[in-house]
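Dropping my_file-v2.txt in here (compact mmCIF, C-alpha atoms and all ligand atoms):
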```
# COMPACT_ATOMS: atom_id res chain seq x y z
CA MET Q 78 -7.59 44.47 -24.33
CA ALA Q 79 -4.28 42.72 -23.79
CA LYS Q 80 -3.81 39.56 -25.79
CA LYS Q 81 -4.35 36.39 -23.82
CA PHE Q 82 -1.24 34.41 -22.90
CA SER Q 83 -3.08 31.06 -22.91
CA HIS Q 84 -6.25 30.23 -24.83
CA ILE Q 85 -7.23 27.27 -22.69
CA SER Q 86 -11.02 27.24 -22.44
CA GLU Q 87 -12.08 24.13 -20.54
CA LEU Q 88 -11.28 20.56 -19.57
CA VAL Q 89 -13.42 17.98 -21.32
CA CYS Q 90 -14.08 14.31 -20.54
CA PRO Q 91 -13.46 12.29 -23.73
CA LYS Q 92 -15.95 9.64 -22.58
CA CYS Q 93 -18.98 11.46 -21.15
CA ASP Q 94 -18.35 15.02 -22.40
CA ARG Q 95 -18.67 16.66 -18.97
CA LYS Q 96 -16.80 19.96 -18.78
CA TYR Q 97 -14.61 21.38 -16.01
CA ASN Q 98 -13.05 24.73 -15.18
CA PRO Q 99 -9.26 24.81 -15.73
CA MET Q 100 -8.82 27.63 -13.21
CA GLU Q 101 -9.81 25.27 -10.39
CA ILE Q 102 -7.93 22.16 -9.27
CA GLN Q 103 -9.17 19.13 -11.25
CA THR Q 104 -8.22 15.48 -11.34
CA LEU Q 105 -10.27 12.81 -13.13
CA CYS Q 106 -13.80 13.24 -14.46
CA SER Q 107 -16.48 12.07 -12.03
CA CYS Q 108 -16.84 9.05 -14.35
CA GLY Q 109 -13.17 8.13 -13.68
CA THR Q 110 -11.78 9.19 -17.06
CA PRO Q 111 -8.74 11.46 -17.64
CA LEU Q 112 -9.67 15.03 -18.58
CA VAL Q 113 -8.33 16.68 -21.71
CA ALA Q 114 -7.64 20.40 -22.13
CA SER Q 115 -9.42 22.23 -24.87
CA TYR Q 116 -8.49 25.62 -26.36
CA ASP Q 117 -10.11 28.48 -28.18
CA LEU Q 118 -8.14 27.84 -31.37
CA GLU Q 119 -9.71 30.80 -33.20
CA GLY Q 120 -8.34 33.08 -30.51
CA ALA Q 121 -4.96 31.31 -30.38
CA ARG Q 122 -4.33 31.73 -34.07
CA GLU Q 123 -4.46 35.49 -33.85
CA THR Q 124 -1.08 35.56 -32.16
CA LEU Q 125 0.36 32.07 -32.71
CA THR Q 126 1.44 32.35 -36.34
CA LYS Q 127 4.32 31.00 -38.42
CA GLU Q 128 5.65 34.53 -38.52
CA SER Q 129 5.41 35.28 -34.77
CA LEU Q 130 7.12 31.98 -33.91
CA LYS Q 131 10.28 33.12 -35.64
CA ASN Q 132 11.16 35.51 -32.83
CA ARG Q 133 10.23 33.41 -29.85
CA GLU Q 134 12.34 31.73 -27.18
CA GLN Q 135 13.84 28.33 -28.01
CA THR Q 136 11.80 26.38 -25.46
CA MET Q 137 8.41 24.67 -25.54
CA TRP Q 138 6.91 27.84 -24.01
CA ARG Q 139 7.08 29.44 -27.46
CA TYR Q 140 3.64 27.81 -27.91
CA HIS Q 141 2.15 29.41 -24.79
CA GLU Q 142 -1.21 30.07 -26.47
CA LEU Q 143 -1.71 26.30 -26.58
CA LEU Q 144 -0.44 25.61 -23.07
CA PRO Q 145 -2.52 25.75 -19.86
CA VAL Q 146 -0.64 28.44 -17.89
CA THR Q 147 -2.57 31.70 -18.10
CA ASP Q 148 -0.06 33.98 -16.34
CA ARG Q 149 3.51 34.03 -17.61
CA LYS Q 150 4.89 34.49 -14.10
CA ASN Q 151 3.84 30.95 -13.11
CA ILE Q 152 6.06 29.31 -15.70
CA THR Q 153 8.68 27.02 -14.20
CA THR Q 154 11.35 26.39 -16.78
CA LEU Q 155 14.83 24.97 -17.20
CA GLY Q 156 14.88 25.50 -20.95
CA GLU Q 157 12.94 22.36 -21.95
CA GLY Q 158 11.87 21.62 -25.50
CA MET Q 159 13.01 22.62 -28.99
CA THR Q 160 15.12 19.49 -29.16
CA PRO Q 161 16.69 18.81 -32.56
CA ILE Q 162 15.37 16.52 -35.27
CA LEU Q 163 18.45 14.65 -36.53
CA LYS Q 164 18.52 13.11 -40.00
CA SER Q 165 19.82 9.56 -39.79
CA GLU Q 166 21.01 8.80 -43.27
CA ARG Q 167 23.41 5.99 -42.52
CA MET Q 168 20.93 4.06 -40.39
CA GLY Q 169 18.11 4.92 -42.79
CA GLY Q 170 20.21 3.49 -45.60
CA LYS Q 171 20.72 0.23 -43.73
CA ILE Q 172 17.04 -0.12 -43.01
CA GLY Q 173 15.96 0.96 -46.50
CA LEU Q 174 14.51 4.37 -45.67
CA LYS Q 175 15.43 7.60 -47.44
CA ASN Q 176 14.09 9.86 -44.71
CA LEU Q 177 14.66 8.61 -41.22
CA MET Q 178 14.69 11.33 -38.57
CA VAL Q 179 15.24 11.17 -34.82
CA LYS Q 180 13.71 13.75 -32.52
CA ASP Q 181 16.26 13.68 -29.73
CA GLU Q 182 14.54 14.23 -26.42
CA GLY Q 183 17.69 13.26 -24.53
CA ARG Q 184 18.64 16.95 -24.74
CA ASN Q 185 16.01 17.98 -22.21
CA PRO Q 186 17.03 19.22 -18.73
CA SER Q 187 16.25 15.94 -16.95
CA GLY Q 188 17.61 13.86 -19.83
CA THR Q 189 14.19 12.72 -21.06
CA PHE Q 190 11.04 14.18 -22.61
CA LYS Q 191 9.45 13.87 -19.15
CA SER Q 192 10.82 17.41 -18.61
CA ARG Q 193 8.04 18.71 -20.85
CA GLY Q 194 5.17 17.15 -18.93
CA SER Q 195 6.53 18.11 -15.56
CA ALA Q 196 7.33 21.67 -16.66
CA SER Q 197 3.71 22.20 -17.72
CA GLY Q 198 2.26 20.22 -14.81
CA VAL Q 199 4.34 21.99 -12.16
CA SER Q 200 3.71 25.41 -13.70
CA LYS Q 201 -0.05 24.88 -13.74
CA ALA Q 202 0.01 23.46 -10.20
CA ARG Q 203 1.78 26.63 -9.10
CA GLU Q 204 -0.86 28.71 -10.84
CA LEU Q 205 -3.56 26.82 -8.91
CA GLY Q 206 -1.80 27.35 -5.57
CA ILE Q 207 -0.69 23.74 -5.05
CA GLU Q 208 2.28 23.46 -2.67
CA ALA Q 209 3.08 19.73 -2.58
CA ILE Q 210 2.73 16.83 -5.00
CA THR Q 211 3.09 13.05 -4.93
CA ILE Q 212 3.79 10.81 -7.89
CA PRO Q 213 4.26 7.08 -8.51
CA THR Q 214 7.01 6.51 -11.06
CA ASN Q 215 9.22 3.95 -12.80
CA GLY Q 216 12.04 6.50 -12.60
CA ASN Q 217 12.20 9.17 -15.28
CA ALA Q 218 8.91 10.90 -14.47
CA GLY Q 219 9.87 11.05 -10.79
CA ALA Q 220 13.25 12.52 -11.67
CA ALA Q 221 11.61 15.17 -13.84
CA TRP Q 222 8.93 16.11 -11.27
CA ALA Q 223 11.57 16.29 -8.54
CA THR Q 224 13.64 18.59 -10.73
CA TYR Q 225 10.81 20.96 -11.63
CA THR Q 226 9.21 21.07 -8.18
CA ALA Q 227 12.64 22.04 -6.83
CA ARG Q 228 12.78 24.78 -9.41
CA ALA Q 229 9.30 25.95 -8.39
CA GLY Q 230 10.01 25.76 -4.65
CA MET Q 231 7.37 23.07 -4.09
CA ASP Q 232 7.53 19.86 -2.02
CA ALA Q 233 7.56 16.48 -3.76
CA HIS Q 234 6.88 12.95 -2.45
CA ILE Q 235 8.07 10.45 -5.01
CA ILE Q 236 7.30 6.73 -4.90
CA MET Q 237 9.24 4.21 -6.97
CA PRO Q 238 9.63 0.41 -7.15
CA VAL Q 239 12.63 -0.55 -5.03
CA ASN Q 240 14.36 -2.08 -8.04
CA GLY Q 241 13.91 1.13 -10.06
CA PRO Q 242 16.87 2.75 -11.83
CA SER Q 243 19.63 4.07 -9.60
CA VAL Q 244 20.32 7.16 -11.73
CA ALA Q 245 16.71 8.32 -11.26
CA LYS Q 246 16.90 7.71 -7.51
CA ARG Q 247 20.00 9.89 -7.36
CA GLU Q 248 18.41 12.62 -9.45
CA ILE Q 249 15.41 12.70 -7.11
CA ILE Q 250 17.58 12.92 -4.00
CA SER Q 251 19.77 15.52 -5.63
CA ALA Q 252 16.68 17.67 -6.25
CA GLY Q 253 15.88 17.50 -2.54
CA ALA Q 254 12.62 15.57 -2.96
CA ASN Q 255 11.32 12.88 -0.57
CA LEU Q 256 11.92 9.46 -2.12
CA TYR Q 257 10.03 6.34 -0.99
CA LEU Q 258 10.76 2.87 -2.38
CA VAL Q 259 8.12 0.15 -2.59
CA ASN Q 260 8.55 -3.61 -2.82
CA GLY Q 261 6.36 -3.94 -5.90
CA THR Q 262 5.49 -2.45 -9.29
CA ILE Q 263 4.47 1.02 -10.45
CA HIS Q 264 0.87 0.03 -9.66
CA ASP Q 265 1.82 -0.65 -6.05
CA ALA Q 266 3.59 2.71 -5.98
CA GLY Q 267 0.33 4.16 -7.31
CA ASP Q 268 -1.62 2.72 -4.36
CA LEU Q 269 0.79 4.29 -1.89
CA ALA Q 270 0.52 7.63 -3.69
CA ASP Q 271 -3.29 7.48 -3.57
CA ARG Q 272 -3.21 6.85 0.15
CA LEU Q 273 -0.60 9.54 0.84
CA SER Q 274 -2.74 11.94 -1.14
CA GLU Q 275 -5.93 11.02 0.76
CA SER Q 276 -4.31 11.16 4.20
CA TYR Q 277 -2.41 14.41 3.81
CA GLY Q 278 -4.18 16.28 1.02
CA ILE Q 279 -1.09 16.17 -1.18
CA PHE Q 280 -1.90 16.61 -4.86
CA ASN Q 281 -1.48 13.35 -6.80
CA VAL Q 282 0.03 13.87 -10.24
CA ALA Q 283 0.03 10.21 -11.36
CA THR Q 284 -0.11 9.79 -15.16
CA LEU Q 285 -3.29 11.35 -16.53
CA LYS Q 286 -4.75 11.90 -13.05
CA GLU Q 287 -3.85 15.51 -13.57
CA PRO Q 288 -4.64 16.94 -17.00
CA TYR Q 289 -1.58 19.08 -17.73
CA ARG Q 290 1.39 16.85 -18.29
CA LEU Q 291 -0.32 15.78 -21.51
CA GLU Q 292 -0.19 19.42 -22.63
CA GLY Q 293 3.57 19.62 -22.09
CA LYS Q 294 4.14 16.38 -23.99
CA LYS Q 295 1.96 17.73 -26.79
CA THR Q 296 4.65 20.27 -27.60
CA MET Q 297 6.67 17.47 -29.25
CA GLY Q 298 3.97 17.41 -31.93
CA LEU Q 299 3.98 21.20 -32.27
CA GLU Q 300 7.76 21.23 -32.66
CA ILE Q 301 7.79 18.42 -35.21
CA MET Q 302 5.49 20.47 -37.45
CA GLU Q 303 7.40 23.72 -37.06
CA GLN Q 304 10.82 22.09 -37.40
CA LEU Q 305 9.76 20.20 -40.53
CA ASN Q 306 8.60 23.47 -41.99
CA TRP Q 307 4.90 22.65 -41.69
CA GLU Q 308 5.13 19.54 -43.86
CA ALA Q 309 3.67 16.69 -41.87
CA PRO Q 310 5.78 13.53 -41.72
CA ASP Q 311 4.15 10.32 -42.97
CA VAL Q 312 4.83 8.39 -39.78
CA VAL Q 313 5.68 9.16 -36.15
CA VAL Q 314 6.98 6.23 -34.10
CA TYR Q 315 6.66 6.39 -30.32
CA PRO Q 316 7.90 4.07 -27.53
CA THR Q 317 4.80 3.62 -25.44
CA GLY Q 318 4.36 3.22 -21.70
CA GLY Q 319 1.32 5.14 -20.49
CA GLY Q 320 1.10 6.53 -24.01
CA VAL Q 321 0.77 10.16 -22.98
CA GLY Q 322 3.45 11.22 -25.44
CA LEU Q 323 1.70 9.54 -28.34
CA ILE Q 324 -1.69 11.00 -27.43
CA GLY Q 325 0.00 14.37 -26.98
CA ILE Q 326 1.87 14.43 -30.29
CA ASN Q 327 -1.33 13.58 -32.13
CA LYS Q 328 -3.31 16.19 -30.16
CA GLY Q 329 -0.75 18.90 -30.90
CA MET Q 330 -0.72 18.13 -34.61
CA ARG Q 331 -4.54 18.15 -34.71
CA GLU Q 332 -4.69 21.55 -33.01
CA LEU Q 333 -2.25 23.09 -35.49
CA GLU Q 334 -4.17 21.57 -38.37
CA GLU Q 335 -7.43 22.98 -37.02
CA MET Q 336 -5.78 26.39 -36.71
CA GLY Q 337 -4.99 26.21 -40.42
CA LEU Q 338 -1.21 26.14 -39.97
CA TYR Q 339 -0.96 23.20 -42.36
CA ASP Q 340 -3.40 20.93 -44.12
CA ASN Q 341 -4.24 17.38 -44.71
CA ASN Q 342 -2.47 15.71 -41.86
CA ILE Q 343 -2.18 12.04 -42.59
CA THR Q 344 0.62 11.29 -40.16
CA ARG Q 345 0.26 7.70 -38.98
CA MET Q 346 0.93 7.21 -35.28
CA VAL Q 347 2.86 4.04 -34.50
CA SER Q 348 3.10 2.70 -30.96
CA VAL Q 349 6.04 0.49 -29.98
CA GLN Q 350 6.19 -1.66 -26.87
CA ALA Q 351 8.59 -4.25 -25.49
CA SER Q 352 7.53 -7.89 -25.84
CA GLY Q 353 7.78 -8.21 -22.06
CA CYS Q 354 5.07 -5.58 -21.55
CA ALA Q 355 2.87 -4.99 -24.59
CA PRO Q 356 -0.74 -4.41 -23.46
CA ILE Q 357 -1.42 -1.76 -26.11
CA VAL Q 358 -0.08 -3.94 -28.94
CA LYS Q 359 -2.21 -6.85 -27.75
CA ALA Q 360 -5.35 -4.73 -27.55
CA PHE Q 361 -4.64 -3.24 -30.97
CA ASP Q 362 -4.17 -6.68 -32.55
CA GLU Q 363 -7.33 -7.96 -30.93
CA GLY Q 364 -9.37 -4.97 -32.08
CA LYS Q 365 -10.20 -3.98 -28.51
CA GLU Q 366 -10.87 -0.46 -27.29
CA GLU Q 367 -9.05 -0.92 -24.00
CA SER Q 368 -6.09 -2.96 -22.83
CA GLU Q 369 -5.94 -5.62 -20.15
CA LEU Q 370 -3.50 -5.61 -17.24
CA TRP Q 371 -0.23 -7.22 -18.40
CA GLU Q 372 0.97 -9.75 -15.82
CA ASN Q 373 4.67 -10.08 -14.93
CA SER Q 374 5.83 -7.18 -17.05
CA ASN Q 375 9.51 -7.32 -17.78
CA THR Q 376 11.85 -5.22 -19.96
CA VAL Q 377 15.10 -3.27 -19.64
CA ALA Q 378 13.22 -0.29 -21.12
CA PHE Q 379 11.63 0.63 -17.79
CA GLY Q 380 9.96 3.76 -19.19
CA MET Q 381 7.70 1.45 -21.18
CA LYS Q 382 6.90 -0.84 -18.27
CA VAL Q 383 3.28 0.14 -17.75
CA PRO Q 384 1.06 -2.96 -17.38
CA LYS Q 385 -2.18 -0.97 -17.77
CA SER Q 386 -2.52 2.67 -18.75
CA LEU Q 387 -5.43 4.87 -17.70
CA GLY Q 388 -5.29 6.44 -21.14
CA ASP Q 389 -5.10 3.20 -23.14
CA PHE Q 390 -8.37 3.91 -24.98
CA MET Q 391 -7.00 7.27 -26.10
CA VAL Q 392 -3.75 5.71 -27.33
CA LEU Q 393 -5.68 3.09 -29.30
CA ASP Q 394 -7.94 5.75 -30.73
CA ALA Q 395 -4.97 7.92 -31.81
CA ILE Q 396 -3.41 4.92 -33.57
CA ARG Q 397 -6.60 3.81 -35.33
CA SER Q 398 -7.86 7.25 -36.29
CA THR Q 399 -4.55 7.98 -38.04
CA ASN Q 400 -4.29 4.58 -39.74
CA GLY Q 401 -1.25 3.76 -37.65
CA THR Q 402 -0.26 0.51 -36.04
CA ALA Q 403 1.26 -1.04 -32.91
CA VAL Q 404 4.38 -3.20 -32.89
CA GLU Q 405 6.31 -5.09 -30.26
CA VAL Q 406 10.06 -5.71 -30.22
CA THR Q 407 12.14 -7.89 -27.93
CA ASP Q 408 14.73 -6.50 -25.52
CA GLU Q 409 17.37 -8.18 -27.67
CA GLU Q 410 16.15 -6.33 -30.76
CA LEU Q 411 16.00 -2.96 -29.06
CA LEU Q 412 19.43 -3.34 -27.48
CA GLU Q 413 20.87 -4.26 -30.86
CA ALA Q 414 19.26 -1.16 -32.40
CA LYS Q 415 20.66 0.97 -29.58
CA LYS Q 416 24.16 -0.27 -30.36
CA GLU Q 417 23.75 0.30 -34.09
CA MET Q 418 22.49 3.87 -33.60
CA GLY Q 419 25.47 4.69 -31.44
CA LYS Q 420 27.89 3.33 -33.97
CA SER Q 421 26.27 4.52 -37.19
CA GLU Q 422 24.80 7.86 -36.09
CA GLY Q 423 26.55 8.95 -32.91
CA ILE Q 424 23.21 9.01 -31.13
CA PHE Q 425 23.34 7.47 -27.65
CA MET Q 426 19.74 6.31 -27.37
CA CYS Q 427 17.80 5.18 -24.37
CA PRO Q 428 16.44 1.63 -24.78
CA GLU Q 429 12.89 2.98 -25.22
CA GLY Q 430 14.03 5.24 -28.05
CA ALA Q 431 15.99 2.42 -29.63
CA SER Q 432 12.85 0.28 -29.71
CA THR Q 433 11.45 2.63 -32.35
CA ILE Q 434 14.37 1.85 -34.67
CA ALA Q 435 13.87 -1.89 -34.20
CA ALA Q 436 10.17 -1.37 -34.96
CA VAL Q 437 10.83 0.69 -38.07
CA LYS Q 438 13.05 -2.10 -39.41
CA LYS Q 439 10.16 -4.52 -39.06
CA LEU Q 440 7.65 -2.15 -40.63
CA VAL Q 441 9.87 -1.48 -43.65
CA GLU Q 442 10.36 -5.23 -44.09
CA SER Q 443 6.64 -5.90 -43.86
CA GLY Q 444 5.85 -3.09 -46.30
CA ASP Q 445 3.91 -1.04 -43.76
CA ILE Q 446 6.35 1.82 -44.33
CA ASP Q 447 7.56 2.68 -47.86
CA SER Q 448 11.17 3.51 -48.53
CA ASP Q 449 10.45 7.12 -49.52
CA GLU Q 450 8.16 7.96 -46.61
CA ARG Q 451 9.27 10.55 -44.05
CA VAL Q 452 9.57 8.88 -40.69
CA VAL Q 453 10.16 10.62 -37.34
CA VAL Q 454 11.07 8.40 -34.40
CA ILE Q 455 11.16 9.77 -30.88
CA ASN Q 456 14.26 9.08 -28.82
CA THR Q 457 12.53 9.76 -25.54
CA GLY Q 458 15.70 10.02 -23.47
CA SER Q 459 19.45 10.00 -23.31
CA GLY Q 460 21.42 6.76 -23.13
CA LEU Q 461 23.41 8.44 -20.37
CA LYS Q 462 20.55 7.65 -17.99
CA TYR Q 463 21.09 3.91 -18.52
CA PRO Q 464 24.81 3.42 -17.93
CA ASN Q 465 24.44 -0.25 -17.01
CA LEU Q 466 23.14 -1.21 -20.43
CA VAL Q 467 26.57 -0.71 -21.95
CA GLU Q 468 29.22 -3.26 -21.18
CA VAL Q 469 32.75 -1.99 -20.94
CA ASP Q 470 35.06 -4.37 -22.73
CA ALA Q 471 38.40 -2.66 -23.34
CA PRO Q 472 42.03 -3.75 -23.11
CA ILE Q 473 44.14 -2.28 -20.31
CA PHE Q 474 47.70 -1.06 -20.90
CA GLU Q 475 50.60 -0.24 -18.65
CA LYS Q 476 51.93 3.32 -18.55
CA GLY Q 477 54.26 3.96 -21.47
CA GLN Q 478 53.28 0.73 -23.22
CA GLU Q 479 52.69 0.99 -26.98
CA ILE Q 480 49.31 0.21 -28.55
CA ILE Q 481 49.82 -2.17 -31.47
CA LEU Q 482 47.04 -2.46 -34.03
CA GLU Q 483 46.84 -5.68 -36.00
CA SER Q 484 45.77 -4.15 -39.29
CA LEU Q 485 45.39 -0.86 -41.11
CA GLU Q 486 41.69 -1.52 -41.24
CA GLU Q 487 41.58 -1.51 -37.48
CA ALA Q 488 43.31 1.88 -37.52
CA GLY Q 489 40.58 3.24 -39.78
CA GLN Q 490 42.97 3.69 -42.71
C1 LIG B 1 8.05 7.51 -19.63
C2 LIG B 1 8.91 7.10 -20.75
C3 LIG B 1 8.38 6.55 -21.93
C4 LIG B 1 6.90 6.29 -22.10
O1 LIG B 1 6.20 7.48 -22.18
P1 LIG B 1 4.62 7.57 -22.23
O2 LIG B 1 4.36 8.88 -22.86
O3 LIG B 1 4.12 7.49 -20.84
O4 LIG B 1 4.14 6.43 -23.05
C5 LIG B 1 9.24 6.29 -22.97
N1 LIG B 1 10.56 6.51 -22.85
C6 LIG B 1 11.12 7.00 -21.74
C7 LIG B 1 12.60 7.21 -21.69
C8 LIG B 1 10.32 7.31 -20.64
O5 LIG B 1 10.88 7.81 -19.55
ZN ZN B 2 -16.55 11.60 -17.80
```
What's the structure tokens form of this structure?
Amino acid sequence: MAKKFSHISELVCPKCDRKYNPMEIQTLCSCGTPLVASYDLEGARETLTKESLKNREQTMWRYHELLPVTDRKNITTLGEGMTPILKSERMGGKIGLKNLMVKDEGRNPSGTFKSRGSASGVSKARELGIEAITIPTNGNAGAAWATYTARAGMDAHIIMPVNGPSVAKREIISAGANLYLVNGTIHDAGDLADRLSESYGIFNVATLKEPYRLEGKKTMGLEIMEQLNWEAPDVVVYPTGGGVGLIGINKGMRELEEMGLYDNNITRMVSVQASGCAPIVKAFDEGKEESELWENSNTVAFGMKVPKSLGDFMVLDAIRSTNGTAVEVTDEELLEAKKEMGKSEGIFMCPEGASTIAAVKKLVESGDIDSDERVVVINTGSGLKYPNLVEVDAPIFEKGQEIILESLEEAGQ
């Protein structure tokens, strides 16, 4: 018998344990909870080995046994995944960390890690015969779904707050998707998507309403393990909106551990949010299992502007079960960290990614992270997607005029 391409076995409700068939279209559990894909890990480990990985393509599809697409021909790809992990010695030194590493998701095709979730979601939708999708978005997810549906030849209806980021709007239009703007928040966009979906039978891929974007995001966890040579880091720090990335990284690491690819995973998952929208941090501090809707959310890091996530209980569980924590940082702090990372590492971070650096500073100061621990922060996107966050302050010269520097120091001598 030919080896299976995917070892997905079923979709499981984490609350009530009901099971669903992944070869039929599924959304939420009948109890209203997001469904989570489960795999035959015994079967997967027959072909997914440290050795076999050495010869595979440099995309997230190298882990196809642990992804939901069962037939290779349904894969929709633009080369997403296998982003580098960059050592950040200069910044680590400033903060007091010997091993600070940045997984740079800005290298993905749509400029953020959202490429991963939409690549897996679109590919699986194609496998299930879906021809059109709708999605509410703060910007980056919509841009990624527009990009991958274009690649797949599917139709996309994308709904964004009217004051959403202009780069994302342009990416969506460039990908030929239908863009609708709403006077309101992502939740209001969500209402419009629900109604569009009900009226026209268009598949709604809102965060965690379809089970497969989590699987794409999970590949960040798989890559971290492989790229660090199967030695689990002590801490992973993640800028959290809906929290799918954090849930996914932890899920991926658990699956590899269960397959026996490494042992004794004690990686602490740390969630970072902006002070202007920190429902997960609040719920964590208060010892609650779910978050409350955050009123008047406000932050420049729009990817983290999620007032209430459907998967909040899973994020909180991933943090607590790994002995992690949740931290908030102000916009001022994250913008300062963004600047410092550009200058001291040459990494042009998105504000969400930069929040992880601001958080790590705090956690080293408070003693929650030791100086010799190995810390991986996720830069979820490229700073190029946020051009307005950088002010241009530069002198202007006339043609032929000479540039005079005041000191040798200024000249870098
Ligand atoms: C969407 C997004 C996030 C938050 O991701 P979740 O996995 O939903 O928590 C963080 N950073 C950027 C750049 C994003 O686009
Ligand atoms: Zn259920």
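When the distance limit is 10 Å and only C-alpha atoms are what count, the residues near Q:Pro384, minus those fewer than 3 positions from it on the same chain, are Thr262, Ile263, His264, Gly318, Gly319, Gly353, Cys354, Ala355, Pro356, Ile357, Ser368, Glu369, Leu370, Trp371, Glu372, Asn373, Ser374, Asn375 and Met381 of chain Q.
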Name the residues, by chain letter and number, that sit within 8 Å of ligand ZN 2 (chain B) using all atoms listed in the file, and give them as a PDB file with C-alpha atoms, in the coordinates of the input.
```pdb
ATOM      1  CA  VAL Q  89     -13.420  17.980 -21.320  1.00  0.00           C
ATOM      2  CA  CYS Q  90     -14.080  14.310 -20.540  1.00  0.00           C
ATOM      3  CA  PRO Q  91     -13.460  12.290 -23.730  1.00  0.00           C
ATOM      4  CA  LYS Q  92     -15.950   9.640 -22.580  1.00  0.00           C
ATOM      5  CA  CYS Q  93     -18.980  11.460 -21.150  1.00  0.00           C
ATOM      6  CA  ASP Q  94     -18.350  15.020 -22.400  1.00  0.00           C
ATOM      7  CA  ARG Q  95     -18.670  16.660 -18.970  1.00  0.00           C
ATOM      8  CA  LEU Q 105     -10.270  12.810 -13.130  1.00  0.00           C
ATOM      9  CA  CYS Q 106     -13.800  13.240 -14.460  1.00  0.00           C
ATOM     10  CA  SER Q 107     -16.480  12.070 -12.030  1.00  0.00           C
ATOM     11  CA  CYS Q 108     -16.840   9.050 -14.350  1.00  0.00           C
ATOM     12  CA  GLY Q 109     -13.170   8.130 -13.680  1.00  0.00           C
ATOM     13  CA  THR Q 110     -11.780   9.190 -17.060  1.00  0.00           C
ATOM     14  CA  PRO Q 111      -8.740  11.460 -17.640  1.00  0.00           C
ATOM     15  CA  LEU Q 112      -9.670  15.030 -18.580  1.00  0.00           C
TER      16      LEU Q 112
END
```
**OP:** Check which residues fall inside 7 Å of ligand LIG 1 (chain B) when counting all atoms listed in the file, and print them as a VMD selection string.
**Re:** chain Q and resid 189 191 217 to 218 316 to 323 380 to 381 427 429 to 430 457 to 458
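Using all atoms listed in the file, the smallest distance between any of Q:Leu461, Q:Leu163, Q:Leu118, Q:Val113 and Q:Leu305 comes from Q:Leu163.
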Subject >> Atom-to-atom span, atom CA of Q:Ala227 and atom CA of Q:Glu275, Å >> reply: 22.9 Å
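Of the listed residues (Q:Gly120, Q:Gly364, Q:Gly444, Q:Pro242), Q:Pro242 comes nearest to Q:Pro464; the distances count only C-alpha atoms.
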**OP:** Provide the atom CA of Q:Ile343 to atom CA of Q:Lys180 distance in Å, to one decimal place.
**Re:** 18.9 Å
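Closest to Q:Lys295 among Q:Met418, Q:Ile326, Q:Val453, Q:Val244 is Q:Ile326, based on only C-alpha atoms.
Pairwise distance (atom CA of Q:Pro428, atom CA of Q:Asp408) equals 8.3 Å.
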Please return the centre and edge lengths, in Å to one decimal, of a box with edges along x, y and z that contains all listed atoms of stretch 101-108 of chain Q, widened by 8 Å on every side, as JSON.
```
{"center_x": -12.4, "center_y": 17.2, "center_z": -11.9, "size_x": 24.9, "size_y": 32.2, "size_z": 21.2}
```
Subject >> Exercise: residues within 10 Å of coordinate (-5.7, 16.9, -10.0), counting all atoms listed in the file, as a ChimeraX atom specification >> reply: /Q:101-106,111-112,198,202,207,210,279-283,285-289
**OP:** Tell me, as a ChimeraX atom specification, which residues lie within 12 Å of Q:Asp181, counting all atoms listed in the file; anything in the same chain fewer than 6 positions away does not count.
**Re:** /Q:158-165,188-190,297,300-301,423-427,430-431,453-460
Okay, now the selection with C-alpha atoms, as a compact mmCIF listing (two decimals), keeping the file's coordinate frame?
```txt
# COMPACT_ATOMS: atom_id res chain seq x y z
CA GLY Q 158 11.87 21.62 -25.50
CA MET Q 159 13.01 22.62 -28.99
CA THR Q 160 15.12 19.49 -29.16
CA PRO Q 161 16.69 18.81 -32.56
CA ILE Q 162 15.37 16.52 -35.27
CA LEU Q 163 18.45 14.65 -36.53
CA LYS Q 164 18.52 13.11 -40.00
CA SER Q 165 19.82 9.56 -39.79
CA GLY Q 188 17.61 13.86 -19.83
CA THR Q 189 14.19 12.72 -21.06
CA PHE Q 190 11.04 14.18 -22.61
CA MET Q 297 6.67 17.47 -29.25
CA GLU Q 300 7.76 21.23 -32.66
CA ILE Q 301 7.79 18.42 -35.21
CA GLY Q 423 26.55 8.95 -32.91
CA ILE Q 424 23.21 9.01 -31.13
CA PHE Q 425 23.34 7.47 -27.65
CA MET Q 426 19.74 6.31 -27.37
CA CYS Q 427 17.80 5.18 -24.37
CA GLY Q 430 14.03 5.24 -28.05
CA ALA Q 431 15.99 2.42 -29.63
CA VAL Q 453 10.16 10.62 -37.34
CA VAL Q 454 11.07 8.40 -34.40
CA ILE Q 455 11.16 9.77 -30.88
CA ASN Q 456 14.26 9.08 -28.82
CA THR Q 457 12.53 9.76 -25.54
CA GLY Q 458 15.70 10.02 -23.47
CA SER Q 459 19.45 10.00 -23.31
CA GLY Q 460 21.42 6.76 -23.13
```
**OP:** List the neighbours of stretch 359-362 of chain Q out to 12 Å using all atoms listed in the file; skip same-chain residues closer than 2 positions along the sequence, and give me the result as a VMD selection string.
**Re:** chain Q and resid 347 to 357 364 to 371 384 to 386 389 to 397 400 to 405
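Residues in contact with Q:Ile236 at up to 8 Å, not including ones fewer than 6 positions away on its chain and judged by all atoms listed in the file, are Thr211, Ile212, Pro213, Thr214, Gly219, Leu256, Tyr257, Leu258, Val259, Ala266, Gly267, Leu269 and Ala270 of chain Q.
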